[in-house]
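K.L.:
Before I ask anything, here is the structure I am working with.
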Protein chains: 2
Amino acid sequence: MVNEKIRKQVKDDFTEYLTLRKHRKTSERYAILDHIYSIDGHFNMDSLYNSMLEACFRVSRSTLYNTIELLLDCGLVVKHQFGAGTAAQYERAYGNENHDHIICVDCGEVRETSNNLISEDQLKKIRKFTVSYYSMYIYGVCSKCSYARRMKLNRLRRK
Amino acid sequence: MVNEKIRKQVKDDFTEYLTLRKHRKTSERYAILDHIYSIDGHFNMDSLYNSMLEACFRVSRSTLYNTIELLLDCGLVVKHQFGAGTAAQYERAYGNENHDHIICVDCGEVRETSNNLISEDQLKKIRKFTVSYYSMYIYGVCSKCSYARRMKLNRLRRK
DNA sequence: ATGTATGCAAACCATTTGCAATGAC
DNA sequence: GTCATTGCAAATGGTTTGCATACAT
């Protein structure tokens with residue numbers, strides 16, 4: 001859960017974006033934005049849909065996809081695609097500063113790390129491009145799966 | 001196209017992997033590996049399938065998926081998922097050292113940059129994790145789309 | 001001879017699309 | 001009143017799965 005000041009700020013940002021683009025300010029759009037900013041960490045369309053149901057605000061999946069598109073476009077939400085078969089993951093863009101992800105290629109677990117491996121200054125070096133956000137994906141094997149791999153190999157060797 | 005030494009090396013690596021895991025050494029598997037190492041830059045399943053057809057080596061899509069899975073597992077191929085609706089992209093892991101991608105959120109164009117923004121040393125700091133590879137995705141708006149955005153906004157303002 | 005790998009077709013499932021009903025402007 | 005937005009249902013398309021056939025061991 002993010003503080004009240006940020007919640008107010010993102011709502012105002014969204015209003016400005018909608019007004020400028022001549023998009024309508026519907027209750028669904030604000031409810032979705034506010035709900036997303038009550039979620040800590042990652043979410044996907046399914047968990048967002050269910051989580052909003054629980055909070056007694058029913059929106060169709062179409063509207064979720066529709067609104068997320070706007071929120072991505074104005075930079076209030078960030079999208080991640082960790083695997084092909086898996087659903088896209090999202091997270092709020094503010095009040096959530098760590099963007100480095102450590103992904104286990106065996107079990108698919110996604111761990112986040114707080115120590116950013118890259119500095120903002122380095123991103124400014126990129127020419128002819130306006131950076132809105134970045135994602136660092138580090139693929140490898142977590143300690144649990146690393147152990148499972150060793151066991152499997154040992155079994156094969158013994159055969 | 002990668003040099004002969006690397007081609008030989010990856011073939012040997014693959015043989016070692018298949019032997020150790022008690023997988024069979026089929027002509028399809030070696031043909032796919034060799035073909036992938038003849039491709040510069042990104043490819044997807046469809047382009048790989050067609051490209052192999054042109055080279056007169058017919059393999060089923062199932063076998064491509066099957067084999068790519070093995071090549072990912074032994075670290076000879078790297079996988080990227082830039083968007084949800086789009087097909088997964090792949091590239092060979094050796095003879096292809098740049099892993100930083102600059103992706104335009106508007107047109108989806110993927111640009112590669114040779115100057116790695118991160119040092120190998122920093123990756124070693126991660127604990128309880130064996131890093132096999134990493135990908136840096138930088139999202140934003142390319143100069144072409146940036147111009148299109150400004151034009152669109154100007155049109156809306158005039159209305 | 002045995003059982004893994006291949007190839008085809010069908011299934012899967014997150015996401016997108018088409019369209020009638022709703023509601024913001 | 002107009003037309004963008006919502007919500008439902010159907011379509012899409014990359015990927016996965018099931019199963020008969022082929023072939024590496």
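FYI, nothing fancy with the structure tokens labels: chains A, B, ... in order, residues from 1 per chain, ligands from 1 as they appear.
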Per residue of chain A within 7 Å of chain D, what are the shortest atom pair and its distance in Å to one decimal, counting only C-alpha atoms (C1' of nucleotides), with rows by chain and residue number, as JSON lines?
P.N.:
{"residue": "A:Ser60", "atom": "CA", "partner": "D:DG7", "partner_atom": "C1'", "distance": 5.7}
{"residue": "A:Thr63", "atom": "CA", "partner": "D:DT6", "partner_atom": "C1'", "distance": 6.6}
{"residue": "A:Gly85", "atom": "CA", "partner": "D:DT15", "partner_atom": "C1'", "distance": 6.7}
K.L.:
How would you write, as a list in words, the set of residues in range 66-103 of chain A that DSSP gives as alpha helix (DSSP H)?
P.N.:
Asn66, Thr67, Ile68, Glu69, Leu70, Leu71, Leu72 and Asp73 of chain A
K.L.:
Go ahead and save the residues from that selection, with N, CA, C and O atoms, as a CSV table (one decimal), in the first residue's frame.
P.N.:
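Wrote again_22.csv, looks like this:
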chain,number,residue,atom,x,y,z
A,66,ASN,N,-8.2,-2.6,-21.5
A,66,ASN,CA,-8.3,-1.3,-22.1
A,66,ASN,C,-7.7,-0.2,-21.2
A,66,ASN,O,-6.9,0.6,-21.7
A,67,THR,N,-8.0,-0.3,-19.9
A,67,THR,CA,-7.4,0.7,-19.0
A,67,THR,C,-6.0,0.6,-18.7
A,67,THR,O,-5.2,1.6,-18.6
A,68,ILE,N,-5.5,-0.7,-18.6
A,68,ILE,CA,-4.1,-0.9,-18.4
A,68,ILE,C,-3.3,-0.3,-19.5
A,68,ILE,O,-2.2,0.3,-19.3
A,69,GLU,N,-3.8,-0.4,-20.7
A,69,GLU,CA,-3.2,0.2,-21.9
A,69,GLU,C,-2.9,1.7,-21.7
A,69,GLU,O,-1.8,2.2,-22.0
A,70,LEU,N,-4.0,2.4,-21.2
A,70,LEU,CA,-3.8,3.8,-21.0
A,70,LEU,C,-2.8,4.1,-19.9
A,70,LEU,O,-2.0,5.0,-20.0
A,71,LEU,N,-2.9,3.3,-18.8
A,71,LEU,CA,-1.9,3.5,-17.7
A,71,LEU,C,-0.5,3.2,-18.1
A,71,LEU,O,0.4,3.9,-17.5
A,72,LEU,N,-0.3,2.3,-19.0
A,72,LEU,CA,1.1,2.0,-19.5
A,72,LEU,C,1.5,3.2,-20.3
A,72,LEU,O,2.6,3.7,-20.2
A,73,ASP,N,0.6,3.7,-21.1
A,73,ASP,CA,0.9,4.8,-22.0
A,73,ASP,C,1.3,6.1,-21.3
A,73,ASP,O,2.2,6.8,-21.7
K.L.:
At a cut-off of 9 Å, list the chain C residues touching chain B, using only C-alpha atoms (C1' of nucleotides), as number ranges by chain.
P.N.:
C: 4-8, 14-16
K.L.:
Output N, CA and C atoms (P, O5', C5', C4', C3', O3' and C1' of nucleotides) for every residue in that selection, as a compact mmCIF listing (two decimals), in the first residue's frame.
P.N.:
# COMPACT_ATOMS: atom_id res chain seq x y z
P DT C 4 11.83 -43.47 -22.37
O5' DT C 4 12.66 -42.27 -23.04
C5' DT C 4 13.99 -42.48 -23.45
C4' DT C 4 14.23 -41.82 -24.80
C3' DT C 4 13.71 -40.39 -24.88
O3' DT C 4 14.71 -39.63 -25.56
C1' DT C 4 12.81 -41.66 -26.64
P DA C 5 14.59 -38.05 -25.82
O5' DA C 5 14.09 -37.94 -27.32
C5' DA C 5 14.90 -38.49 -28.35
C4' DA C 5 14.35 -38.13 -29.71
C3' DA C 5 13.80 -36.72 -29.86
O3' DA C 5 14.24 -36.24 -31.13
C1' DA C 5 12.09 -38.26 -30.36
P DT C 6 13.70 -34.89 -31.77
O5' DT C 6 12.60 -35.41 -32.79
C5' DT C 6 13.00 -36.14 -33.95
C4' DT C 6 11.79 -36.44 -34.80
C3' DT C 6 11.07 -35.20 -35.33
O3' DT C 6 10.93 -35.31 -36.74
C1' DT C 6 9.53 -36.68 -34.28
P DG C 7 10.45 -34.04 -37.64
O5' DG C 7 8.88 -34.29 -37.75
C5' DG C 7 8.41 -35.45 -38.39
C4' DG C 7 6.89 -35.47 -38.38
C3' DG C 7 6.23 -34.14 -38.75
O3' DG C 7 5.09 -34.43 -39.55
C1' DG C 7 5.47 -34.82 -36.64
P DC C 8 4.56 -33.35 -40.61
O5' DC C 8 2.99 -33.32 -40.33
C5' DC C 8 2.23 -34.52 -40.41
C4' DC C 8 1.16 -34.54 -39.33
C3' DC C 8 0.21 -33.35 -39.35
O3' DC C 8 -1.01 -33.75 -39.97
C1' DC C 8 0.77 -34.08 -37.13
P DA C 14 -4.67 -17.98 -18.87
O5' DA C 14 -4.02 -16.56 -19.16
C5' DA C 14 -2.65 -16.50 -19.49
C4' DA C 14 -2.45 -15.54 -20.64
C3' DA C 14 -2.96 -14.13 -20.39
O3' DA C 14 -1.99 -13.20 -20.85
C1' DA C 14 -3.95 -15.00 -22.36
P DT C 15 -2.18 -11.66 -20.65
O5' DT C 15 -2.83 -11.22 -22.03
C5' DT C 15 -2.11 -11.40 -23.23
C4' DT C 15 -2.98 -11.12 -24.44
C3' DT C 15 -3.63 -9.74 -24.47
O3' DT C 15 -3.06 -9.04 -25.57
C1' DT C 15 -5.14 -11.43 -25.15
P DT C 16 -3.62 -7.60 -26.01
O5' DT C 16 -4.67 -7.96 -27.16
C5' DT C 16 -4.27 -8.83 -28.21
C4' DT C 16 -5.39 -8.92 -29.24
C3' DT C 16 -6.03 -7.58 -29.61
O3' DT C 16 -6.10 -7.52 -31.02
C1' DT C 16 -7.69 -9.13 -28.92
K.L.:
Neighbouring residues of range 5-19 of chain B were defined as those with any atom within 8 Å, considering only C-alpha atoms (C1' of nucleotides); residues of the same chain fewer than 5 positions away were excluded. Please report them as a PyMOL selection string.
P.N.:
chain B and resi 24-25+30+33-34+37+71+74+76+94-95
K.L.:
Generate a file of the selected residues that holds C-alpha atoms, formatted as a PDB file, in the first residue's frame.
P.N.:
ATOM      1  CA  ARG B  24      19.414 -38.880 -27.983  1.00  0.00           C
ATOM      2  CA  LYS B  25      21.717 -37.296 -30.536  1.00  0.00           C
ATOM      3  CA  TYR B  30      22.275 -30.816 -34.559  1.00  0.00           C
ATOM      4  CA  LEU B  33      21.713 -25.844 -33.435  1.00  0.00           C
ATOM      5  CA  ASP B  34      23.904 -25.328 -36.476  1.00  0.00           C
ATOM      6  CA  TYR B  37      24.391 -20.325 -35.185  1.00  0.00           C
ATOM      7  CA  LEU B  71      19.295 -25.344 -26.044  1.00  0.00           C
ATOM      8  CA  CYS B  74      22.165 -25.838 -21.617  1.00  0.00           C
ATOM      9  CA  LEU B  76      23.441 -22.143 -25.927  1.00  0.00           C
ATOM     10  CA  TYR B  94      27.855 -17.074 -28.053  1.00  0.00           C
ATOM     11  CA  GLY B  95      29.439 -14.844 -30.702  1.00  0.00           C
TER      12      GLY B  95
END
K.L.:
Identify, on the basis of only C-alpha atoms (C1' of nucleotides), every residue whose closest approach to Tyr139 in chain B does not exceed 10 Å; exclude the query and any residue fewer than 3 positions from it along the same chain; express the result as a JSON list (two decimals) with C-alpha atoms, in the first residue's frame.
P.N.:
[["chain", "number", "residue", "atom", "x", "y", "z"],
["A", 78, "VAL", "CA", 4.93, -0.94, -15.73],
["A", 79, "LYS", "CA", 4.56, -4.22, -17.60],
["A", 129, "PHE", "CA", 15.34, 7.79, -27.49],
["A", 130, "THR", "CA", 13.18, 8.98, -24.58],
["A", 131, "VAL", "CA", 13.52, 6.44, -21.77],
["A", 132, "SER", "CA", 10.33, 5.96, -19.77],
["A", 133, "TYR", "CA", 11.43, 2.95, -17.72],
["A", 134, "TYR", "CA", 13.74, -0.01, -17.84],
["A", 135, "SER", "CA", 13.77, -3.57, -16.62],
["B", 82, "PHE", "CA", 9.42, -8.25, -25.55],
["B", 101, "HIS", "CA", 17.72, -3.90, -25.78],
["B", 102, "ILE", "CA", 16.01, -0.60, -26.42],
["B", 103, "ILE", "CA", 12.32, -1.14, -27.12],
["B", 104, "CYS", "CA", 9.87, 1.44, -28.43],
["B", 105, "VAL", "CA", 6.54, 1.03, -26.64],
["B", 106, "ASP", "CA", 4.70, 2.62, -29.57],
["B", 108, "GLY", "CA", 7.60, -2.17, -30.93],
["B", 110, "VAL", "CA", 13.82, -3.35, -30.84],
["B", 136, "MET", "CA", 18.44, -5.35, -20.06],
["B", 142, "CYS", "CA", 11.93, 6.23, -30.35]]
